[in-house]
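Participant: My questions all concern the structure below.
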Amino acid sequence: MSSNNDNNRRGFIKKFTGGALLTAAASGPLFAGERIFSRELPWEKPRFAANDNIQIACIGTGIMGMGDTRTALKVPGVKLMAVADLYDGHLVRAKELFGDDIQTTRDYNEILSRKDIDAIILATPDHLHSQIGIQALKAGKAVYCEKPMVHKIEQGYDMMKAASDSGKVFQVGSQRVSSIIYAKAKELYQSGAIGELNFVEVYYDRHSAQGAWQYSIPPDASPQTVDWNRFLSDKAPKMAYDPLRFFRWRNYQDYGTGVAGDLFVHLFSGMHYILDSKGPTRIMTSGGLRYWKDGRDVPDVMLGIYDYPKTASHPAFNLTLRVNFADGSGGGSGFRFVGTDGQITLSGNTVTVKRKKMAAAPGYTIDTFPKALQDKFLADYNNKYPSRPEMSEPDMQEYRAPQGYDDRLDHFAIFFDAMRSNKKVLEDAVFGFRAAGPALLSNKSYFENTVVNWDPETMKLGKVS
């Protein structure tokens, strides 16, 4: 991805608190709901022949895989050729959605051996990411890999090497790094809107069975309709067929990475993009299984505390992350970047800046001083901090993305454009591992009840304390 992708990718609506005035971040007038772009995205004005298609396949057509495929096909010049999945019903559904002419198979190797497929969407359970991703890269395919990039820390190094050696585009599917919302937050941060950063607070709470991964089990699920042994591969312990483990795999450490790998990794990705950060040096987590006691072996509440060191792009600061799968307030998510002069908040499709500069004059507490000393103190104080009239500034600004904005569509557009133009993407294997690493180590801290040290530069595990 070229550097201009970090700047204003689309015009924002900017509303000053307390007034009705609407102005545009991009030049020219802007009204609510109107889509005005400060930079063209590759999918908006295609510059290729009508029959010049990027031919893709999806490996893993569960909830994420189906959603990713639908979004990818909205980008002009993209054609679906095949899908692979281990449940027969998903293959039937793929033909219903995408046409009888696509190939369907349980064996993803059939897809990787096809010379006419340019890229794959890798949306399998986490424990198969490294196995299939590395094979796909070696087969000459570009890879859009769902987050987290890998299931275990040690797999990250092999994935990064395979991506580098292949020369193919590899992008992790945490779409916030391509979002105009996060681009605006990055611009505001870099402009000094909140002074010196000292604290970041993030939460991603849910309050539903589906949000807590209690996905529906198909009535026809059986050892005949599910390729259980291929699901286990050599990456998970051998055991008898269990439909809960297959269809609700996120609930189990053998196949998933819990709330840290599913949700914390999104938050790390977005924050690292905004701050140009490489990651924390210390990781401490706590939590528990508080409500969803359905046989899962991962927590449904997790809280993390992270120490980020001073770098060229940000000062030292502390980060807290939280996920609660039984949030009786209804759930929701949000980011809060706190600095000495204000805060940037991201919620939904809105970025809000609140400013409250530290007063230059510290004030005083002199009532207990003798009267003569009070008079002397005030004379010195007023001389040091003279009262000067200043123009007031808005204490809050709000920026909203256009209605219906979809950052996943932008993320796929950037992926395919990188394939066509030989550009680099931002969320490559190195970026993806720098987000996955702290997420996976959050689990290590939780399950081992310890503080984990991490070197974000070398991406190596330090001593456990």
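Chains: A, B, ... in order of the structure tokens. Residues: from 1 per chain. Ligands: from 1, in order shown.
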From a backbone DSSP assignment, name each residue in region 279-429 of chain A labelled strand (DSSP E or B), as an MDAnalysis selection string.
Facilitator: chainID A and resid 282:288 301:308 317:324 332:339 342:347 350:355 396:400
Participant: Once DSSP has gone over the backbone, tell me which residues of region 132-367 of chain A are in alpha helix (DSSP H), as a count of residues only.
Facilitator: 55
Participant: Select, from A:Leu188, A:Val323, A:Ile132, A:Ile56, the residue with the minimum atom-to-atom distance to His266 (chain A), counting only C-alpha atoms.
Facilitator: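 Comparing A:Leu188, A:Val323, A:Ile132, A:Ile56 against His266 (chain A), the winner is A:Val323.
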Participant: CA of Ile194 (chain A) and CA of His272 (chain A), how far apart in Å?
Facilitator: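 Between these atoms lies a distance of 17.2 Å.
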Participant: Can you write out as a Markdown table which residues of region 178-254 of chain A fall within 8 Å of region 326-338 of chain A, alongside each residue's closest atom pair and its distance in Å to one decimal, counting only C-alpha atoms and ordering rows by chain and ascending residue number?
Facilitator:
```
| residue | atom | partner | partner_atom | distance |
| --- | --- | --- | --- | --- |
| A:Ile194 | CA | A:Val338 | CA | 7.0 |
| A:Leu197 | CA | A:Val338 | CA | 5.8 |
| A:Asn198 | CA | A:Val338 | CA | 6.2 |
| A:Phe199 | CA | A:Val338 | CA | 5.2 |
| A:Val200 | CA | A:Phe337 | CA | 4.6 |
| A:Glu201 | CA | A:Arg336 | CA | 5.1 |
| A:Val202 | CA | A:Phe335 | CA | 4.6 |
| A:Tyr203 | CA | A:Ser333 | CA | 5.3 |
| A:Tyr204 | CA | A:Ser333 | CA | 4.2 |
| A:Asp205 | CA | A:Gly331 | CA | 4.5 |
| A:Arg206 | CA | A:Gly331 | CA | 4.2 |
| A:His207 | CA | A:Ala326 | CA | 5.0 |
| A:Ser208 | CA | A:Ala326 | CA | 7.4 |
```
Participant: Please produce a file of those selected residues containing all heavy atoms, as a compact mmCIF listing (two decimals), in the first residue's frame.
Facilitator:
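Just written: part-v1.txt:
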```
# COMPACT_ATOMS: atom_id res chain seq x y z
N ILE A 194 -4.28 16.12 20.64
CA ILE A 194 -4.51 15.80 22.06
C ILE A 194 -3.25 15.98 22.90
O ILE A 194 -3.18 15.51 24.03
CB ILE A 194 -5.04 14.37 22.22
CG1 ILE A 194 -4.05 13.34 21.69
CG2 ILE A 194 -6.40 14.23 21.55
CD1 ILE A 194 -4.42 11.90 22.02
N LEU A 197 0.40 11.90 24.11
CA LEU A 197 -0.34 10.71 24.49
C LEU A 197 0.24 10.08 25.75
O LEU A 197 1.45 10.02 25.93
CB LEU A 197 -0.27 9.69 23.34
CG LEU A 197 -0.95 8.33 23.56
CD1 LEU A 197 -2.45 8.49 23.45
CD2 LEU A 197 -0.44 7.32 22.55
N ASN A 198 -0.65 9.59 26.65
CA ASN A 198 -0.17 8.88 27.82
C ASN A 198 -0.96 7.61 28.14
O ASN A 198 -0.50 6.77 28.90
CB ASN A 198 -0.12 9.80 29.06
CG ASN A 198 -1.47 10.46 29.32
OD1 ASN A 198 -2.48 9.80 29.51
ND2 ASN A 198 -1.47 11.80 29.34
N PHE A 199 -2.15 7.46 27.51
CA PHE A 199 -3.01 6.33 27.87
C PHE A 199 -3.96 6.02 26.73
O PHE A 199 -4.48 6.94 26.08
CB PHE A 199 -3.81 6.68 29.14
CG PHE A 199 -4.78 5.62 29.59
CD1 PHE A 199 -4.34 4.39 30.04
CD2 PHE A 199 -6.14 5.87 29.58
CE1 PHE A 199 -5.23 3.42 30.46
CE2 PHE A 199 -7.05 4.91 29.99
CZ PHE A 199 -6.59 3.68 30.44
N VAL A 200 -4.18 4.73 26.46
CA VAL A 200 -5.17 4.29 25.48
C VAL A 200 -6.05 3.25 26.15
O VAL A 200 -5.56 2.32 26.80
CB VAL A 200 -4.51 3.68 24.22
CG1 VAL A 200 -5.59 3.22 23.22
CG2 VAL A 200 -3.57 4.68 23.56
N GLU A 201 -7.36 3.41 25.97
CA GLU A 201 -8.35 2.51 26.55
C GLU A 201 -9.24 1.97 25.44
O GLU A 201 -9.76 2.74 24.64
CB GLU A 201 -9.19 3.26 27.58
CG GLU A 201 -10.28 2.45 28.23
CD GLU A 201 -11.10 3.28 29.19
OE1 GLU A 201 -11.38 4.47 28.88
OE2 GLU A 201 -11.48 2.76 30.24
N VAL A 202 -9.39 0.64 25.37
CA VAL A 202 -10.18 0.03 24.32
C VAL A 202 -11.06 -1.07 24.91
O VAL A 202 -10.62 -1.80 25.80
CB VAL A 202 -9.29 -0.60 23.21
CG1 VAL A 202 -10.10 -0.81 21.94
CG2 VAL A 202 -8.06 0.24 22.93
N TYR A 203 -12.29 -1.17 24.42
CA TYR A 203 -13.16 -2.26 24.85
C TYR A 203 -13.97 -2.77 23.66
O TYR A 203 -14.20 -2.06 22.69
CB TYR A 203 -14.10 -1.81 25.97
CG TYR A 203 -15.13 -0.79 25.55
CD1 TYR A 203 -16.41 -1.19 25.15
CD2 TYR A 203 -14.84 0.56 25.53
CE1 TYR A 203 -17.37 -0.27 24.76
CE2 TYR A 203 -15.78 1.49 25.14
CZ TYR A 203 -17.04 1.08 24.76
OH TYR A 203 -17.97 2.01 24.35
N TYR A 204 -14.36 -4.04 23.74
CA TYR A 204 -15.16 -4.67 22.69
C TYR A 204 -16.05 -5.69 23.39
O TYR A 204 -15.69 -6.85 23.54
CB TYR A 204 -14.25 -5.35 21.66
CG TYR A 204 -14.89 -5.61 20.32
CD1 TYR A 204 -14.17 -5.45 19.14
CD2 TYR A 204 -16.21 -6.04 20.22
CE1 TYR A 204 -14.74 -5.71 17.90
CE2 TYR A 204 -16.79 -6.28 18.99
CZ TYR A 204 -16.05 -6.11 17.84
OH TYR A 204 -16.62 -6.36 16.61
N ASP A 205 -17.22 -5.25 23.82
CA ASP A 205 -18.12 -6.08 24.61
C ASP A 205 -19.30 -6.59 23.78
O ASP A 205 -19.68 -5.96 22.79
CB ASP A 205 -18.66 -5.28 25.81
CG ASP A 205 -17.56 -4.88 26.78
OD1 ASP A 205 -16.54 -5.59 26.84
OD2 ASP A 205 -17.72 -3.86 27.47
N ARG A 206 -19.86 -7.72 24.21
CA ARG A 206 -20.98 -8.31 23.50
C ARG A 206 -22.02 -8.82 24.50
O ARG A 206 -21.69 -9.06 25.68
CB ARG A 206 -20.51 -9.48 22.61
CG ARG A 206 -19.67 -9.03 21.42
CD ARG A 206 -19.16 -10.21 20.62
NE ARG A 206 -18.51 -9.78 19.38
CZ ARG A 206 -17.91 -10.61 18.53
NH1 ARG A 206 -17.90 -11.91 18.78
NH2 ARG A 206 -17.35 -10.14 17.44
N HIS A 207 -23.24 -9.01 24.01
CA HIS A 207 -24.31 -9.50 24.89
C HIS A 207 -25.31 -10.31 24.08
O HIS A 207 -26.47 -9.95 23.94
CB HIS A 207 -25.00 -8.31 25.58
CG HIS A 207 -25.86 -8.72 26.74
ND1 HIS A 207 -27.22 -8.53 26.77
CD2 HIS A 207 -25.54 -9.33 27.91
CE1 HIS A 207 -27.71 -8.99 27.91
NE2 HIS A 207 -26.71 -9.48 28.62
N SER A 208 -24.83 -11.42 23.52
CA SER A 208 -25.70 -12.31 22.76
C SER A 208 -25.03 -13.66 22.65
O SER A 208 -23.81 -13.77 22.73
CB SER A 208 -25.99 -11.76 21.37
OG SER A 208 -24.85 -11.86 20.53
```
Participant: Compare A:Lys74, A:Arg290, A:Arg230, A:Arg322 by their minimum atom-to-atom distance to Phe264 (chain A), counting only C-alpha atoms, and give me the closest one.
Facilitator: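 Checking each of A:Lys74, A:Arg290, A:Arg230, A:Arg322 against Phe264 (chain A), counting only C-alpha atoms, the winner is A:Arg322.
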Participant: Which residue, A:Gly256, A:Gly287, A:Gly89, A:Gly133, has the smallest gap to Gly156 (chain A) when you use only C-alpha atoms?
Facilitator: A:Gly133
Participant: Env of Val169 (chain A): 7 Å cut, atoms = only C-alpha atoms, seq-sep filter 2 positions within chain, self excluded. Answer as a list in words.
Facilitator: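 So the residues in contact are Ala142, Val143, Gly167, Gln171, Ala418 and Met419 of chain A.
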Participant: Please identify all polymer residues within 10 Å of Asp294 (chain A), counting only C-alpha atoms, omitting same-chain residues fewer than 2 positions from it, and present them as number ranges by chain.
Facilitator: A: 214, 244, 251, 289, 291-292, 296-297
Participant: Leaving out Gly462 (chain A) and any residue of its chain fewer than 5 positions from it, which residues lie within 9 Å of it when counting only C-alpha atoms, given as a PyMOL selection string?
Facilitator: chain A and resi 281+452-455
Participant: Which residue is closest to Met459 (chain A)? Choose from A:Met160, A:Ala240, A:Leu319, A:Ile366 and count only C-alpha atoms.
Facilitator: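 Between A:Met160, A:Ala240, A:Leu319, A:Ile366, the residue approaching Met459 (chain A) most closely is A:Met160.
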